[in-house]
Structures are given as structure tokens and as C-alpha cells.
>>> print(open('work-v1.cif').read())   # mmCIF, C-alpha atoms and all ligand atoms
data_final
loop_
_atom_site.label_atom_id
_atom_site.label_comp_id
_atom_site.auth_asym_id
_atom_site.auth_seq_id
_atom_site.Cartn_x
_atom_site.Cartn_y
_atom_site.Cartn_z
CA MET A 1 -27.75 -21.43 85.86
CA VAL A 2 -30.37 -20.71 83.24
CA PHE A 3 -32.86 -19.81 85.91
CA SER A 4 -30.56 -17.38 87.68
CA GLY A 5 -29.66 -15.88 84.29
CA VAL A 6 -33.32 -15.15 83.66
CA ARG A 7 -33.67 -13.57 87.07
CA GLN A 8 -30.67 -11.34 86.54
CA LEU A 9 -32.06 -10.23 83.20
CA VAL A 10 -35.29 -9.21 84.88
CA VAL A 11 -33.37 -7.21 87.47
CA ALA A 12 -31.29 -5.53 84.79
CA THR A 13 -34.32 -4.60 82.70
CA GLY A 14 -35.94 -3.03 85.72
CA PHE A 15 -32.92 -0.91 86.34
CA LEU A 16 -32.54 0.07 82.71
CA GLY A 17 -36.09 1.32 82.85
CA PHE A 18 -35.03 3.72 85.57
CA GLY A 19 -32.30 5.38 83.57
CA GLY A 20 -29.91 2.83 82.14
CA VAL A 21 -28.00 1.89 85.29
CA PHE A 22 -27.06 -1.76 85.57
CA SER A 23 -27.66 -3.36 88.94
CA GLU A 24 -24.53 -4.65 90.61
CA ALA A 25 -26.49 -7.83 91.16
CA MET A 26 -25.56 -8.45 87.53
CA ALA A 27 -21.93 -8.61 88.40
CA PHE A 28 -21.67 -12.11 89.94
CA PRO A 29 -18.93 -13.86 87.99
CA ALA A 30 -19.97 -17.01 86.13
CA GLY A 31 -19.43 -20.12 88.23
CA SER A 32 -19.30 -18.22 91.55
CA PRO A 33 -21.47 -19.38 94.47
CA ALA A 34 -23.93 -16.49 94.14
CA ALA A 35 -24.21 -16.91 90.36
CA ILE A 36 -24.89 -20.62 90.63
CA ASN A 37 -27.24 -20.61 93.60
CA GLY A 38 -29.09 -17.30 93.30
CA GLN A 39 -31.63 -16.22 95.89
CA LEU A 40 -31.59 -18.57 98.86
CA SER A 41 -34.55 -19.65 100.92
CA VAL A 42 -35.24 -21.97 103.81
CA CYS A 43 -36.92 -25.19 102.75
CA GLY A 44 -37.90 -27.33 105.68
CA ARG A 45 -34.85 -27.31 107.93
CA LYS A 46 -32.35 -26.71 105.14
CA LEU A 47 -30.93 -23.79 103.24
CA CYS A 48 -31.92 -24.10 99.59
CA ASN A 49 -30.76 -22.46 96.39
CA VAL A 50 -32.97 -20.83 93.78
CA HIS A 51 -33.70 -24.25 92.26
CA GLY A 52 -34.96 -25.61 95.57
CA ASN A 53 -31.93 -27.83 96.18
CA PRO A 54 -30.45 -27.99 99.69
CA ILE A 55 -26.98 -26.47 99.81
CA GLN A 56 -24.25 -25.83 102.37
CA LEU A 57 -22.38 -22.51 102.48
CA ARG A 58 -18.88 -22.49 103.95
CA GLY A 59 -16.68 -19.54 104.61
CA MET A 60 -15.11 -17.10 107.03
CA SER A 61 -16.22 -14.45 109.47
CA THR A 62 -14.24 -11.26 109.70
CA HIS A 63 -13.06 -10.04 113.08
CA GLY A 64 -14.52 -6.72 114.34
CA LEU A 65 -14.41 -4.33 111.40
CA GLN A 66 -13.55 -1.41 113.68
CA TRP A 67 -10.21 -3.14 114.24
CA TYR A 68 -9.50 -5.34 111.22
CA LYS A 69 -11.16 -3.77 108.21
CA SER A 70 -7.82 -3.76 106.40
CA CYS A 71 -7.92 -7.57 106.35
CA VAL A 72 -10.95 -7.45 104.08
CA ASN A 73 -9.17 -6.05 101.04
CA ASN A 74 -9.44 -6.99 97.37
CA ARG A 75 -6.49 -9.38 97.49
CA SER A 76 -7.60 -11.20 100.61
CA LEU A 77 -11.15 -11.59 99.34
CA LYS A 78 -9.90 -12.84 96.00
CA ALA A 79 -7.84 -15.46 97.82
CA LEU A 80 -10.83 -16.34 99.98
CA ALA A 81 -13.10 -16.77 96.97
CA LYS A 82 -10.72 -18.35 94.48
CA ASP A 83 -8.01 -20.22 96.43
CA TRP A 84 -9.93 -21.11 99.58
CA LYS A 85 -13.11 -21.59 97.54
CA ALA A 86 -15.29 -19.98 100.18
CA ASP A 87 -18.97 -19.41 99.48
CA VAL A 88 -19.71 -16.88 102.18
CA LEU A 89 -18.17 -13.96 104.05
CA ARG A 90 -19.59 -12.82 107.38
CA LEU A 91 -19.12 -9.12 108.02
CA SER A 92 -18.81 -8.75 111.76
CA LEU A 93 -20.15 -5.31 112.66
CA TYR A 94 -19.62 -4.76 116.37
CA VAL A 95 -22.16 -2.41 117.87
CA GLN A 96 -20.13 -1.46 120.94
CA GLU A 97 -16.36 -1.45 121.55
CA GLY A 98 -15.81 1.35 119.03
CA GLY A 99 -18.16 -0.17 116.44
CA TYR A 100 -21.42 1.02 114.86
CA ALA A 101 -22.73 2.99 117.86
CA SER A 102 -19.67 5.24 117.83
CA ASN A 103 -20.32 6.41 114.25
CA PRO A 104 -23.37 4.94 112.50
CA LYS A 105 -22.83 6.73 109.19
CA LYS A 106 -19.22 5.66 108.91
CA PHE A 107 -19.94 2.01 109.70
CA THR A 108 -22.93 1.89 107.36
CA ARG A 109 -20.61 3.11 104.59
CA ILE A 110 -18.03 0.47 105.50
CA ILE A 111 -20.60 -2.34 105.35
CA ASP A 112 -21.91 -0.95 102.08
CA ARG A 113 -18.49 -0.96 100.53
CA LEU A 114 -17.61 -4.43 101.76
CA ILE A 115 -20.91 -5.87 100.51
CA LYS A 116 -20.06 -4.52 97.07
CA ARG A 117 -16.50 -5.84 97.23
CA ALA A 118 -17.58 -9.37 98.21
CA SER A 119 -20.46 -9.33 95.72
CA ARG A 120 -18.11 -8.61 92.84
CA LEU A 121 -16.51 -11.98 93.59
CA GLY A 122 -19.86 -13.77 93.76
CA LEU A 123 -19.68 -14.48 97.50
CA TYR A 124 -22.69 -14.65 99.76
CA VAL A 125 -22.51 -12.05 102.52
CA ILE A 126 -23.81 -12.30 106.08
CA VAL A 127 -24.41 -8.87 107.56
CA ASP A 128 -23.74 -9.60 111.23
CA TRP A 129 -25.11 -7.21 113.86
CA HIS A 130 -22.40 -8.13 116.33
CA MET A 131 -24.07 -7.29 119.62
CA LEU A 132 -22.21 -8.89 122.50
CA ASP A 133 -21.95 -6.61 125.52
CA PRO A 134 -24.57 -5.62 126.61
CA GLY A 135 -26.09 -9.02 125.97
CA ASP A 136 -29.67 -7.79 125.74
CA PRO A 137 -30.48 -6.98 122.09
CA PHE A 138 -33.18 -4.54 123.17
CA GLU A 139 -30.44 -2.20 124.41
CA ASN A 140 -29.50 -1.61 120.78
CA LEU A 141 -32.96 -1.92 119.22
CA GLN A 142 -33.19 1.61 117.79
CA LEU A 143 -29.69 1.40 116.36
CA ALA A 144 -30.45 -2.01 114.88
CA LYS A 145 -33.59 -0.68 113.21
CA THR A 146 -31.75 2.29 111.71
CA PHE A 147 -28.92 0.11 110.47
CA PHE A 148 -31.01 -2.69 108.95
CA LYS A 149 -33.39 -0.19 107.33
CA ALA A 150 -30.49 1.46 105.54
CA ILE A 151 -28.76 -1.75 104.46
CA ALA A 152 -31.88 -3.67 103.46
CA LYS A 153 -33.09 -0.73 101.39
CA ARG A 154 -29.80 -0.28 99.56
CA HIS A 155 -29.18 -3.95 98.91
CA ALA A 156 -32.69 -5.34 98.44
CA ASP A 157 -31.94 -6.18 94.79
CA ARG A 158 -28.98 -8.34 95.63
CA THR A 159 -29.67 -12.03 95.88
CA ASN A 160 -26.56 -12.79 97.96
CA ILE A 161 -27.28 -11.08 101.31
CA LEU A 162 -28.22 -12.80 104.57
CA TYR A 163 -28.98 -10.78 107.68
CA GLU A 164 -27.86 -11.89 111.14
CA VAL A 165 -29.75 -9.75 113.62
CA ALA A 166 -28.11 -10.60 116.96
CA ASN A 167 -24.66 -12.16 117.22
CA GLU A 168 -24.59 -13.51 120.76
CA PRO A 169 -27.39 -12.54 123.13
CA ASN A 170 -26.43 -13.31 126.71
CA GLY A 171 -27.30 -12.62 130.35
CA ALA A 172 -29.78 -14.12 132.79
CA GLU A 173 -32.51 -11.59 131.94
CA VAL A 174 -32.35 -12.46 128.23
CA THR A 175 -34.77 -15.37 128.16
CA TRP A 176 -35.76 -17.05 124.90
CA HIS A 177 -39.14 -15.37 125.31
CA ARG A 178 -37.47 -11.94 125.39
CA LEU A 179 -35.09 -12.73 122.54
CA ARG A 180 -37.93 -14.08 120.44
CA SER A 181 -39.81 -10.82 120.88
CA TYR A 182 -36.73 -8.88 119.69
CA HIS A 183 -36.58 -11.08 116.58
CA GLN A 184 -40.26 -10.53 115.89
CA GLN A 185 -39.66 -6.76 115.97
CA ILE A 186 -36.55 -6.64 113.82
CA ILE A 187 -37.60 -9.14 111.12
CA PRO A 188 -40.38 -6.89 109.69
CA VAL A 189 -37.96 -3.95 109.48
CA ILE A 190 -35.84 -5.98 107.05
CA ARG A 191 -38.69 -7.72 105.26
CA LYS A 192 -40.39 -4.45 104.42
CA ARG A 193 -37.38 -3.52 102.29
CA ASP A 194 -35.96 -6.91 101.34
CA PRO A 195 -38.86 -9.37 101.46
CA ASP A 196 -37.09 -12.54 100.40
CA ALA A 197 -33.73 -12.52 102.22
CA VAL A 198 -32.84 -15.25 104.68
CA ILE A 199 -32.63 -13.90 108.24
CA LEU A 200 -30.43 -15.54 110.88
CA LEU A 201 -31.59 -15.37 114.48
CA GLY A 202 -29.33 -15.41 117.51
CA THR A 203 -30.15 -17.90 120.24
CA ARG A 204 -29.88 -17.74 123.98
CA ALA A 205 -26.59 -17.80 125.92
CA TRP A 206 -24.09 -16.74 123.22
CA SER A 207 -26.01 -18.44 120.43
CA SER A 208 -25.67 -21.85 122.01
CA PHE A 209 -29.42 -22.72 121.76
CA GLY A 210 -29.35 -22.01 125.51
CA VAL A 211 -26.90 -24.85 126.23
CA ALA A 212 -24.39 -22.53 127.93
CA ALA A 213 -27.16 -21.63 130.41
CA GLY A 214 -28.26 -25.20 131.07
CA ALA A 215 -31.12 -25.28 128.53
CA ASP A 216 -31.24 -26.63 124.99
CA GLU A 217 -32.95 -26.33 121.60
CA THR A 218 -36.31 -27.52 122.92
CA GLU A 219 -37.12 -23.98 124.12
CA ILE A 220 -36.97 -22.89 120.47
CA VAL A 221 -38.81 -25.94 119.16
CA ARG A 222 -41.65 -25.27 121.61
CA ASN A 223 -41.85 -21.59 120.78
CA PRO A 224 -40.38 -20.84 117.36
CA VAL A 225 -40.27 -17.41 115.76
CA ALA A 226 -43.29 -16.90 113.52
CA ALA A 227 -41.71 -16.01 110.17
CA LYS A 228 -40.59 -17.63 106.93
CA ASN A 229 -37.02 -17.92 105.67
CA ILE A 230 -35.39 -17.80 109.07
CA MET A 231 -32.66 -19.93 110.61
CA TYR A 232 -31.35 -20.14 114.15
CA THR A 233 -27.68 -19.59 114.85
CA PHE A 234 -25.37 -21.89 116.77
CA HIS A 235 -21.80 -20.99 117.79
CA PHE A 236 -19.17 -23.33 119.17
CA TYR A 237 -15.48 -23.30 120.02
CA ALA A 238 -14.10 -26.79 119.62
CA ALA A 239 -11.44 -26.70 122.35
CA SER A 240 -14.02 -25.57 124.96
CA HIS A 241 -17.25 -27.10 123.75
CA GLY A 242 -16.88 -30.83 123.56
CA THR A 243 -19.20 -33.56 122.50
CA GLU A 244 -22.13 -32.05 124.44
CA TYR A 245 -22.42 -29.18 121.95
CA LEU A 246 -21.80 -31.58 119.06
CA GLU A 247 -24.69 -33.78 120.12
CA VAL A 248 -27.01 -30.84 120.60
CA LEU A 249 -26.12 -29.53 117.14
CA SER A 250 -26.79 -32.92 115.59
CA ARG A 251 -30.13 -33.31 117.35
CA ALA A 252 -31.29 -29.71 116.83
CA ALA A 253 -30.62 -29.81 113.09
CA LYS A 254 -33.39 -32.39 112.79
CA ARG A 255 -35.88 -30.03 114.37
CA ILE A 256 -35.01 -26.45 113.41
CA PRO A 257 -33.11 -24.72 110.58
CA VAL A 258 -29.57 -24.05 111.82
CA PHE A 259 -26.73 -21.86 110.53
CA VAL A 260 -23.37 -21.95 112.35
CA THR A 261 -22.43 -18.31 111.77
CA GLU A 262 -19.37 -18.52 114.03
CA PHE A 263 -17.12 -21.33 115.17
CA GLY A 264 -13.53 -21.57 116.30
CA THR A 265 -11.06 -24.43 116.41
CA GLN A 266 -9.71 -23.02 119.71
CA GLN A 267 -11.16 -22.04 123.08
CA ALA A 268 -14.27 -19.94 123.62
CA HIS A 269 -12.30 -16.73 124.13
CA GLY A 270 -10.96 -17.10 120.58
CA ASP A 271 -7.46 -17.99 121.75
CA GLY A 272 -5.46 -20.86 123.24
CA PRO A 273 -4.69 -24.26 121.74
CA ASP A 274 -6.68 -25.58 118.78
CA ASP A 275 -8.53 -28.88 118.88
CA PHE A 276 -8.46 -29.95 115.26
CA VAL A 277 -9.69 -33.47 116.00
CA LEU A 278 -12.94 -32.28 117.49
CA SER A 279 -13.16 -29.47 114.93
CA GLN A 280 -12.96 -32.10 112.19
CA ALA A 281 -15.82 -34.03 113.81
CA TYR A 282 -17.95 -30.87 113.78
CA VAL A 283 -17.07 -30.15 110.15
CA ALA A 284 -17.96 -33.71 109.15
CA LEU A 285 -21.31 -33.46 110.94
CA MET A 286 -22.05 -30.11 109.31
CA GLN A 287 -21.15 -31.51 105.90
CA LYS A 288 -23.38 -34.54 106.39
CA LYS A 289 -26.34 -32.44 107.50
CA LYS A 290 -25.64 -29.56 105.12
CA ILE A 291 -25.32 -27.10 107.96
CA SER A 292 -23.74 -23.92 106.64
CA TRP A 293 -20.85 -22.37 108.55
CA ALA A 294 -18.49 -19.42 108.93
CA ASN A 295 -15.20 -19.83 110.77
CA TRP A 296 -13.88 -17.22 113.25
CA ASN A 297 -11.88 -15.26 112.03
CA PHE A 298 -10.39 -13.71 108.89
CA SER A 299 -7.88 -11.32 110.42
CA ASP A 300 -4.27 -10.98 111.56
CA ASP A 301 -5.12 -10.52 115.24
CA ASN A 302 -2.55 -12.08 117.59
CA ARG A 303 -4.97 -14.68 119.04
CA SER A 304 -4.96 -18.24 117.67
CA GLY A 305 -8.48 -17.86 116.22
CA ALA A 306 -7.29 -15.31 113.69
CA VAL A 307 -6.12 -17.15 110.59
CA CYS A 308 -3.32 -14.74 109.61
CA VAL A 309 -0.04 -13.99 111.35
CA PRO A 310 -0.03 -10.46 112.89
CA GLY A 311 0.90 -7.68 110.52
CA THR A 312 0.38 -9.66 107.30
CA CYS A 313 -3.13 -8.74 106.20
CA GLU A 314 -2.31 -5.88 103.92
CA GLN A 315 0.63 -7.42 102.08
CA GLY A 316 -0.28 -11.06 102.66
CA LYS A 317 -0.49 -13.83 100.13
CA TYR A 318 -2.98 -15.80 102.25
CA THR A 319 -1.19 -19.08 101.74
CA ALA A 320 0.20 -21.30 104.45
CA SER A 321 3.85 -20.84 103.56
CA VAL A 322 3.56 -17.09 103.87
CA ASN A 323 1.22 -15.95 106.57
CA LEU A 324 -1.25 -18.45 107.96
CA LYS A 325 -1.42 -19.67 111.53
CA ALA A 326 -2.34 -23.27 112.31
CA SER A 327 -6.07 -22.45 112.35
CA GLY A 328 -5.78 -20.76 108.97
CA GLU A 329 -3.90 -23.63 107.40
CA TRP A 330 -6.41 -26.09 108.78
C1 LIG B 1 -13.56 -11.58 120.78
C2 LIG B 1 -12.28 -11.03 120.18
C3 LIG B 1 -11.59 -10.12 121.14
C4 LIG B 1 -12.54 -9.10 121.69
C5 LIG B 1 -13.74 -9.80 122.28
C6 LIG B 1 -14.76 -8.85 122.82
O1 LIG B 1 -11.43 -12.12 119.81
O2 LIG B 1 -10.54 -9.46 120.48
O3 LIG B 1 -11.91 -8.35 122.67
O4 LIG B 1 -14.34 -10.56 121.28
O5 LIG B 1 -15.47 -8.26 121.81
C7 LIG B 1 -17.39 -14.79 120.39
C8 LIG B 1 -17.78 -13.43 119.88
C9 LIG B 1 -16.59 -12.72 119.31
C10 LIG B 1 -15.34 -13.03 120.13
C11 LIG B 1 -15.02 -14.51 119.94
C12 LIG B 1 -13.71 -14.93 120.58
O6 LIG B 1 -18.83 -13.47 118.98
O7 LIG B 1 -16.87 -11.35 119.31
O8 LIG B 1 -14.26 -12.24 119.74
N1 LIG B 1 -16.12 -15.27 120.47
O9 LIG B 1 -13.74 -14.69 121.94
N2 LIG B 1 -18.19 -15.71 120.91
C13 LIG B 1 -17.46 -16.73 121.35
C14 LIG B 1 -16.13 -16.48 121.07
#
>>> encode(input="work-v1.cif", output="C-alpha cells", more="lines below")
Ligand code: IDC
Amino acid sequence: MVFSGVRQLVVATGFLGFGGVFSEAMAFPAGSPAAINGQLSVCGRKLCNVHGNPIQLRGMSTHGLQWYKSCVNNRSLKALAKDWKADVLRLSLYVQEGGYASNPKKFTRIIDRLIKRASRLGLYVIVDWHMLDPGDPFENLQLAKTFFKAIAKRHADRTNILYEVANEPNGAEVTWHRLRSYHQQIIPVIRKRDPDAVILLGTRAWSSFGVAAGADETEIVRNPVAAKNIMYTFHFYAASHGTEYLEVLSRAAKRIPVFVTEFGTQQAHGDGPDDFVLSQAYVALMQKKKISWANWNFSDDNRSGAVCVPGTCEQGKYTASVNLKASGEW
């Protein structure tokens, strides 16, 4: 606490020197995750706080912001931070399907605004470049560079931002070799503006460490990305991905830094019946190994993976008795 207080003072002084404007980084409420843990880094295979202690972040991913931005309002975020006691919010910025590519300026503004909104509550924020179809991240490379330049420049002073540079790469032509070369191109774009932020790297075959394509984490272990403060992402859907994925996650966490930026209690298409028994086994493993996670998803979409009942986001109370589905209550 003392340490992060000192850091904030330094930030504030710097800003005052430039004309008396206080940095919003000052605004983390006392006792909030970002106030307590400050700038994160990767220490060994763990995520560590500003004091060098391994920590686990837990929270929610939004659904596509082009569809469900209204679910990320002041009331819902307050409930997420205070009642649900989340540490982290993942902002899911689709590139296609009516997302960023359709109007870069508009979506940059949206992300900007939501970063500020979540920061005021002291949440960590994952800025998720939600590429999905096409599955080759190089198809969106120029857009990704433009986007991350803008965001990293504007938010470099914040200590609560993590960047996720490729949601779910997929397709036979997207080898780990190819994906790794994308990461090595996009990381410096962010680092040049925000040198110390943790960057989360998508893995092959829908961020499954290649498991969904018959490979596993050894392809990453053999040929890791050459950069500091990076983690590899792993996604699973409990009702589709059984103990095979669980075992891979357990084994991989001993060898590489892992962040589960997306998981669902239901099937891989984000719908269908939930498997809470297996989900609980994953959560226990992640707790034991301090693997941070974000659950899919914080919206009122009709599918079972969305935690809220359709049509309740804007007026909702975000409590089980009022508007949560089974996955939300869980
Ligand atoms: C799904 C949404 C659905 C949308 C589809 C395509 O639920 O409304 O039509 O994407 O964009 C992922 C993806 C995430 C998926 C989610 C559930 O990262 O975008 O959302 N999922 O299918 N990977 C595995 C599951």
C-alpha cells in the first residue's frame, strides 16, 4: 500500500508539472485491486503485484462490445467490483462482425471510455483484441497496430491495463511459428508507448495451446516468444473440454506463464448445458496455481454463457434473485 502510494504521488507530481492536471491513475479507490497491487509484472511463471508477490486476478469478460456495450454501465461495473468482488474486467473488442474494423475511431473511443469507467472502480482491465474470424492475426495486423498505438499511448500512465493481442487465432495455416512472429511484431508497438504493461499472447487453435489441433504446450516451451512480462492465454469451455484440457492446463502452468482470459461453464459455442462440476475442478486448479481468469461473459445475451437474463442489463440489479442465469449465479 505504502509503495503504491509513493508511485501514485510520483505520477501525480509529473502531471502537475505539465499544468496541474491530476492523472486518473490517482483515482483507484483505497482497498481496490488496482490500488493494492499496483503495476503487475510476470515473475517466473506467475503474475506478481508491485511488491513482487504472486497474485491471482479473477473477473469477467464482456461479450462483443458492438452488441452488448450497454451491459458495461456504471451500475453493473459497481456490482462487479463491489458485490462480486472481481479484480479484472476483460473488454472484448471484436475486430470483425461489426466491431473495430467497421469504425476504428468509434471503437477506440468506446474502449477509452470503458477503461476510464473500470479504472474509477480500481479494476484491472484487459484490452482484448478479439480477432476470431479470420483466424490469422496477420489479416488484421495494420488495424491492430493502429489500435494498440492509440490505446497504449493514452493509457501508458495507468498501472491497471493488460493487453491481449490476439483472442483466438485459428486455422491450419496459423502455425505457432506464424503466430509467434505476429506477437513479436505487435509487442514492440505497445512497449514503445507503455513499456511495463503485461501483454497476453494468444495461442494456437483458439488459444488452446494447440490442443484443439492435436498439439500441446510443448510447441511454446520449445520456441517461446522473446520478451519480458508476457503470458500465454488458454481458453476452455467446461462442458466441451473435459479432463484433457484440465491436465494440459495443470502441466503447462509449470512451464510457461498462463492467463485464462476466457472460459465458460457451458459448451464451446458459449451455449448449451453448464457443467458446474468440471468448472469447479478448473476453478480449484486455477486457485491452487494462482492462474488468473476471466469468465465468459458479462452480458444479457440469450445464450447460457451470458450471466444475465435477456433484457436486464440496463435496469438490472445483478443479483441472483433478479436477473442472473445459472452461470451468473454460479
Ligand atoms: C461467440 C458469441 C456469439 C458470436 C460468436 C462469433 O457467443 O454470439 O456469434 O462468438 O463471434 C469463443 C470466442 C467468443 C465466442 C465464445 C462462445 O472467443 O467470441 O462468442 N467462444 O462461442 N471461443 C470459444 C467460445
>>> atom_distance(input="work-v1.cif", atom1="CA of Cys313 (chain A)", atom2="CA of Ser76 (chain A)")
7.6 Å
>>> atom_distance(input="work-v1.cif", atom1="CA of Ser292 (chain A)", atom2="atom O2 of ligand LIG 1 (chain B)")
24.0 Å
>>> closest_residue(input="work-v1.cif", among="A:Ala252, A:Val283, A:Val260, A:Ile291", to="ligand LIG 1 (chain B)", atoms="all atoms listed in the file")
A:Val260
>>> residues_near_ligand(input="work-v1.cif", ligand="ligand LIG 1 (chain B)", cutoff="8 Å", atoms="all atoms listed in the file", output="PyMOL selection string")
chain A and resi 63-64+94+97+130+132-133+167-168+206+235-237+262-264+267-271+296+301+303+305
>>> closest_residue(input="work-v1.cif", among="A:Phe298, A:Gly52, A:Ala205, A:Gly171", to="Leu77 (chain A)", atoms="all atoms listed in the file")
A:Phe298
>>> atom_distance(input="work-v1.cif", atom1="CA of Gly38 (chain A)", atom2="CA of Lys289 (chain A)")
20.9 Å
>>> residues_around(input="work-v1.cif", residues="region 123-129 of chain A", least_positions_apart="4", cutoff="8 Å", atoms="all atoms listed in the file", output="list in words")
Ser32, Pro33, Ala34, Ala81, Ala86, Asp87, Val88, Leu89, Arg90, Leu91, Ser92, Leu93, Tyr94, Val95, Ile111, Ile115, Ala118, Ser119, Ala144, Asn160, Ile161, Leu162, Tyr163, Glu164, Val165, Ala166 and Asn167 of chain A
>>> closest_residue(input="work-v1.cif", among="A:Gly242, A:Arg222, A:Val307, A:Trp293", to="Phe259 (chain A)", atoms="only C-alpha atoms")
A:Trp293
>>> closest_residue(input="work-v1.cif", among="A:Thr218, A:Gln184, A:Thr175, A:Thr243", to="Ile230 (chain A)", atoms="only C-alpha atoms")
A:Gln184
>>> residues_around(input="work-v1.cif", residues="Gln266 (chain A)", least_positions_apart="4", cutoff="6 Å", atoms="all atoms listed in the file", output="JSON, numbers by chain")
{"A": [237, 238, 239, 271, 272, 273, 274]}
>>> closest_residue(input="work-v1.cif", among="A:Val174, A:Leu285, A:Ala227, A:Ile187", to="Ser207 (chain A)", atoms="only C-alpha atoms")
A:Val174
>>> closest_residue(input="work-v1.cif", among="A:Ala213, A:Val198, A:Ala156, A:Ala30", to="Glu173 (chain A)", atoms="all atoms listed in the file")
A:Ala213
